[in-house]
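Here's the structure we're looking at; comments come further down.
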Amino acid sequence: MLSKVNKIIVTGGPTREWFDPIRYISNASSGKMGIALADEAFKLNTSTVFIHGPISEHLLHGKAYKMVSIESTEDLLNAVLSELEDNSVLIMAAAPADYTPVNKSAQKIKKTEGELVITMKKTPDILKNVAQYKKSRGFKNLFVVGFAAETNDTENYAKGKLQQKDLDMICLNDVSQSGAGFNVDTNIMTIFTRSGEKFDLPIKSKNEIARDILERVSIELTKRG
Ligand code: CTP
């Protein structure tokens with residue numbers, strides 16, 4: 001089924017929000033889950049695009065799929081919207097920074113006696129923007145997969161995000177479990193679908209998890225007919 005979609009768009013890695021020319025706010029995402037998803041997606045459909053934040057060059061080496069490199073959450077939003085088209089699948093494994101400094105100093109901020117306070121404002125929620133864009137542009141057959149990295153009350157938060165971000169599927173990652181989450185080669189996931197089904201994926205390599213996620217996407221698309 002995935003061979004019939006026009007494009008698979010995968011996002012991965014963190015974003016960076018600079019507050020002076022040498023310092024930024026970011027997070028610990030390695031991009032490994034995103035790469036595993038892009039690798040597996042490319043095996044099923046050569047029209048795979050991987051949009052990624054700053055991740056290790058060696059992880060990107062030798063990939064045959066299209067890659068788009070971005071830095072900020074705003075950049076990621078623009079890159080995702082420009083790749084969307086009818087009959088495509090979007091897999092949002094990226095970990096975008098949720099806040100960006102209100103002021104970006106053109107000069108290095110110098111150390112002073114007191115505390116340093118950086119005021120931050122919210123970045124755009126990419127998946128919420130995709131949901132609006134999908135409606136305003138009238139995209140047909142878009143299948144959107146979100147991720148939820150949680151430490152507590154995990155199922156409730158994941159199901160809340162599924163609904164609020166108008167997703168077809170969400171992959172919950174309990175990062176408090178060992179063998180799951182950032183900078184490790186394995187993951188443990190639970191998938192929730194729009195129709196209310198739940199699938200547990202026990203600890204596996206990120207590539208095996210990616211394969212399972214894509215298989216689930218394919219099954220859900222087959223149900224749509
Ligand atoms: N996401 C997004 N835009 C953002 C932040 C996150 O589209 N600005 C996406 C992520 O790529 C992921 C999903 O939303 O697929 C959930 O991300 P997560 O960081 O778990 O949730 P947030 O919505 O940022 O909420 P919170 O940080 O409060 O848990």
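Letters for chains follow the order of the structure tokens (A, B, ...), residue numbers begin at 1 for each chain, and ligand numbers begin at 1 in the order shown.
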
**Item:** Backbone-only DSSP, alpha helix (DSSP H) members of range 75-173 of chain A, as a ChimeraX atom specification
**Value:** /A:75-83,126-137,154-164

Now that the selection is made, can you save its residues with C-alpha atoms as a PDB file, in the first residue's frame?
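Final output, saved to out23.pdb:
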```pdb
ATOM      1  CA  ASP A  75      12.183  26.385   9.287  1.00  0.00           C
ATOM      2  CA  LEU A  76      10.816  22.906   9.950  1.00  0.00           C
ATOM      3  CA  LEU A  77       7.234  24.163   9.623  1.00  0.00           C
ATOM      4  CA  ASN A  78       7.997  25.805   6.266  1.00  0.00           C
ATOM      5  CA  ALA A  79       9.841  22.725   4.966  1.00  0.00           C
ATOM      6  CA  VAL A  80       7.010  20.368   5.972  1.00  0.00           C
ATOM      7  CA  LEU A  81       4.275  22.553   4.449  1.00  0.00           C
ATOM      8  CA  SER A  82       6.193  22.865   1.185  1.00  0.00           C
ATOM      9  CA  GLU A  83       6.545  19.065   0.854  1.00  0.00           C
ATOM     10  CA  ILE A 126       3.771  22.100  13.225  1.00  0.00           C
ATOM     11  CA  LEU A 127       1.162  19.337  13.418  1.00  0.00           C
ATOM     12  CA  LYS A 128      -1.598  21.803  14.356  1.00  0.00           C
ATOM     13  CA  ASN A 129      -0.546  23.945  11.393  1.00  0.00           C
ATOM     14  CA  VAL A 130      -0.609  20.865   9.149  1.00  0.00           C
ATOM     15  CA  ALA A 131      -4.168  20.112  10.309  1.00  0.00           C
ATOM     16  CA  GLN A 132      -5.277  23.654   9.411  1.00  0.00           C
ATOM     17  CA  TYR A 133      -3.349  23.656   6.129  1.00  0.00           C
ATOM     18  CA  LYS A 134      -4.896  20.305   5.183  1.00  0.00           C
ATOM     19  CA  LYS A 135      -8.372  21.813   5.587  1.00  0.00           C
ATOM     20  CA  SER A 136      -7.651  25.165   3.936  1.00  0.00           C
ATOM     21  CA  ARG A 137      -5.871  23.565   0.938  1.00  0.00           C
ATOM     22  CA  THR A 154       1.734   8.674  29.173  1.00  0.00           C
ATOM     23  CA  GLU A 155      -1.424   7.177  27.616  1.00  0.00           C
ATOM     24  CA  ASN A 156      -3.593  10.211  28.474  1.00  0.00           C
ATOM     25  CA  TYR A 157      -1.086  12.669  27.033  1.00  0.00           C
ATOM     26  CA  ALA A 158      -0.645  10.607  23.856  1.00  0.00           C
ATOM     27  CA  LYS A 159      -4.391  10.266  23.274  1.00  0.00           C
ATOM     28  CA  GLY A 160      -4.825  14.008  23.965  1.00  0.00           C
ATOM     29  CA  LYS A 161      -2.216  14.829  21.315  1.00  0.00           C
ATOM     30  CA  LEU A 162      -3.840  12.423  18.821  1.00  0.00           C
ATOM     31  CA  GLN A 163      -7.053  14.400  19.147  1.00  0.00           C
ATOM     32  CA  GLN A 164      -5.714  17.962  19.511  1.00  0.00           C
TER      33      GLN A 164
END
```

**Message:** Excluding range 23-32 of chain A and its own-chain neighbours fewer than 5 positions away, which residues fall within 9 Å of it when counting only C-alpha atoms? Please give them as an NGL selection string.
**Reply:** :A and (11-18 or 37 or 52-56 or 59 or 93-97 or 99-101 or 108 or 181-185 or 206)

**Message:** Ranking A:Leu214, A:Val5, A:Leu172, A:Leu201 by minimum distance to ligand 1 and counting only C-alpha atoms and all ligand atoms, which one comes first?
**Reply:**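 Looking only at the distances to ligand 1, the closest residue turns out to be A:Leu172.
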
**All residues 10 Å or closer to Lys63 in chain A, only C-alpha atoms, same chain fewer than 5 positions away omitted, as a PyMOL selection string** = chain A and resi 35+38-39+42+50

When you look at Ser205 in chain A with a cut-off of 10 Å (counting only C-alpha atoms), what residues show up, excluding the ones that are within fewer than 6 positions of it in the same chain? I need them as a short mmCIF file (atom, residue, chain, number, x, y, z; two decimals) with all heavy atoms, in the first residue's frame.
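Below is the file that was written, result-v4.cif:
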```cif
data_model
loop_
_atom_site.label_atom_id
_atom_site.label_comp_id
_atom_site.auth_asym_id
_atom_site.auth_seq_id
_atom_site.Cartn_x
_atom_site.Cartn_y
_atom_site.Cartn_z
N MET A 33 15.70 7.79 15.46
CA MET A 33 14.38 7.22 15.14
C MET A 33 13.91 7.73 13.78
O MET A 33 13.37 6.98 12.96
CB MET A 33 13.37 7.57 16.25
CG MET A 33 12.07 6.80 16.22
SD MET A 33 12.30 5.02 16.47
CE MET A 33 11.47 4.36 15.04
N ALA A 36 15.83 5.91 11.07
CA ALA A 36 15.33 4.53 10.93
C ALA A 36 14.01 4.54 10.13
O ALA A 36 13.81 3.70 9.24
CB ALA A 36 15.12 3.91 12.31
N GLY A 179 15.99 1.76 27.66
CA GLY A 179 15.88 1.16 26.32
C GLY A 179 14.91 1.91 25.44
O GLY A 179 14.61 1.48 24.32
N ALA A 180 14.41 3.06 25.92
CA ALA A 180 13.48 3.85 25.10
C ALA A 180 13.97 5.29 25.07
O ALA A 180 14.55 5.77 26.03
CB ALA A 180 12.08 3.80 25.68
N VAL A 184 19.56 6.22 22.25
CA VAL A 184 19.80 4.78 22.37
C VAL A 184 19.37 4.14 21.05
O VAL A 184 18.63 4.75 20.27
CB VAL A 184 19.02 4.13 23.56
CG1 VAL A 184 19.64 4.51 24.88
CG2 VAL A 184 17.54 4.50 23.53
N ASP A 185 19.81 2.91 20.80
CA ASP A 185 19.52 2.27 19.52
C ASP A 185 18.23 1.45 19.54
O ASP A 185 17.83 0.89 18.53
CB ASP A 185 20.70 1.40 19.08
CG ASP A 185 21.90 2.27 18.74
OD1 ASP A 185 21.68 3.35 18.15
OD2 ASP A 185 23.03 1.90 19.08
N THR A 186 17.62 1.36 20.73
CA THR A 186 16.35 0.60 20.83
C THR A 186 15.21 1.56 21.20
O THR A 186 15.46 2.70 21.58
CB THR A 186 16.46 -0.48 21.92
OG1 THR A 186 16.85 0.15 23.14
CG2 THR A 186 17.43 -1.57 21.54
N ASN A 187 14.01 1.03 21.10
CA ASN A 187 12.86 1.83 21.51
C ASN A 187 11.72 0.90 21.95
O ASN A 187 11.72 -0.29 21.62
CB ASN A 187 12.39 2.73 20.36
CG ASN A 187 12.00 4.11 20.87
OD1 ASN A 187 11.71 4.28 22.05
ND2 ASN A 187 11.99 5.08 19.98
N ILE A 188 10.80 1.47 22.72
CA ILE A 188 9.59 0.75 23.14
C ILE A 188 8.44 1.70 22.80
O ILE A 188 8.48 2.85 23.21
CB ILE A 188 9.60 0.50 24.67
CG1 ILE A 188 10.88 -0.22 25.10
CG2 ILE A 188 8.35 -0.28 25.10
CD1 ILE A 188 11.13 -0.18 26.61
N ARG A 211 9.91 -0.33 11.08
CA ARG A 211 9.22 -1.25 10.17
C ARG A 211 7.80 -1.51 10.65
O ARG A 211 6.85 -1.50 9.88
CB ARG A 211 10.00 -2.57 10.11
CG ARG A 211 10.27 -3.05 8.71
CD ARG A 211 11.28 -4.19 8.70
NE ARG A 211 12.63 -3.76 9.01
CZ ARG A 211 13.54 -4.49 9.65
NH1 ARG A 211 13.27 -5.70 10.09
NH2 ARG A 211 14.74 -4.01 9.86
#
```

**Prompt:** Which residues come within 12 Å of Thr46 in chain A, counting only C-alpha atoms, excluding same-chain residues fewer than 3 positions away, as a ChimeraX atom specification?
**Reply:** /A:2-9,38-43,49-50,63-66

Produce a file of the selected residues containing N, CA and C atoms, as a compact mmCIF listing (two decimals), in the first residue's frame.
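part.txt, freshly written:
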```txt
# COMPACT_ATOMS: atom_id res chain seq x y z
N LEU A 2 1.97 1.23 0.77
CA LEU A 2 2.81 2.43 0.82
C LEU A 2 3.51 2.71 -0.50
N SER A 3 3.66 1.68 -1.34
CA SER A 3 4.28 1.91 -2.64
C SER A 3 3.37 2.78 -3.52
N LYS A 4 2.07 2.84 -3.16
CA LYS A 4 1.12 3.60 -4.00
C LYS A 4 0.98 5.06 -3.57
N VAL A 5 1.50 5.43 -2.39
CA VAL A 5 1.37 6.83 -2.00
C VAL A 5 2.37 7.68 -2.79
N ASN A 6 2.04 8.98 -2.96
CA ASN A 6 2.91 9.85 -3.77
C ASN A 6 4.24 10.13 -3.09
N LYS A 7 4.20 10.25 -1.76
CA LYS A 7 5.41 10.67 -1.06
C LYS A 7 5.31 10.29 0.40
N ILE A 8 6.44 9.92 0.99
CA ILE A 8 6.50 9.73 2.45
C ILE A 8 7.45 10.79 2.99
N ILE A 9 6.92 11.65 3.85
CA ILE A 9 7.74 12.73 4.44
C ILE A 9 8.02 12.33 5.89
N ALA A 38 13.02 6.89 7.96
CA ALA A 38 13.29 7.28 6.57
C ALA A 38 13.91 6.09 5.81
N ASP A 39 14.83 5.36 6.45
CA ASP A 39 15.45 4.18 5.80
C ASP A 39 14.39 3.16 5.41
N GLU A 40 13.52 2.86 6.36
CA GLU A 40 12.49 1.83 6.11
C GLU A 40 11.45 2.33 5.11
N ALA A 41 11.12 3.63 5.20
CA ALA A 41 10.14 4.20 4.25
C ALA A 41 10.68 4.12 2.83
N PHE A 42 11.98 4.42 2.67
CA PHE A 42 12.61 4.44 1.34
C PHE A 42 12.58 3.05 0.69
N LYS A 43 12.66 2.00 1.54
CA LYS A 43 12.58 0.63 1.00
C LYS A 43 11.21 0.36 0.39
N VAL A 49 11.20 11.65 1.62
CA VAL A 49 11.95 12.87 1.94
C VAL A 49 12.22 12.87 3.44
N PHE A 50 13.46 13.15 3.81
CA PHE A 50 13.79 13.22 5.23
C PHE A 50 14.15 14.67 5.57
N LYS A 63 22.95 8.09 2.41
CA LYS A 63 21.51 7.87 2.23
C LYS A 63 21.10 8.27 0.81
N ALA A 64 20.20 7.47 0.23
CA ALA A 64 19.83 7.72 -1.17
C ALA A 64 18.56 8.57 -1.29
N TYR A 65 17.88 8.78 -0.18
CA TYR A 65 16.63 9.56 -0.26
C TYR A 65 16.93 11.06 -0.20
N LYS A 66 15.92 11.85 -0.60
CA LYS A 66 16.06 13.31 -0.55
C LYS A 66 16.16 13.75 0.91
```

**Request:** Name the closest residue to ligand 1 among the candidates A:Ser72, A:Gln177, A:Ser218, A:Ser195; distances are taken between atoms, counting only C-alpha atoms and all ligand atoms.
**Result:**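 Nearest candidate to ligand 1 out of A:Ser72, A:Gln177, A:Ser218, A:Ser195: A:Ser72.
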
**Asked** Could you work out how far CA of Ser88 in chain A lies from CA of Lys198 in chain A, giving the answer in Å with one decimal?
**Response** 23.2 Å

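With only C-alpha atoms as the atoms that count, the residue of A:Glu150, A:Asp86, A:Glu208, A:Glu74 with the shortest distance to Thr123 in chain A is A:Glu74.
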
**Asked** Between CA of Asp20 in chain A and atom 29 (O, counted along the ligand's line) of ligand 1, what is the spacing in Å?
**Response** 26.2 Å

**Message:** When DSSP is applied to the backbone of this structure, which of chain A are assigned strand (DSSP E or B)? Write them out as a PyMOL selection string.
**Reply:** chain A and resi 7-12+14+17-20+23-25+48-52+66-69+88-92+95+99-101+120-122+143-150+169-174+186-193+198-205
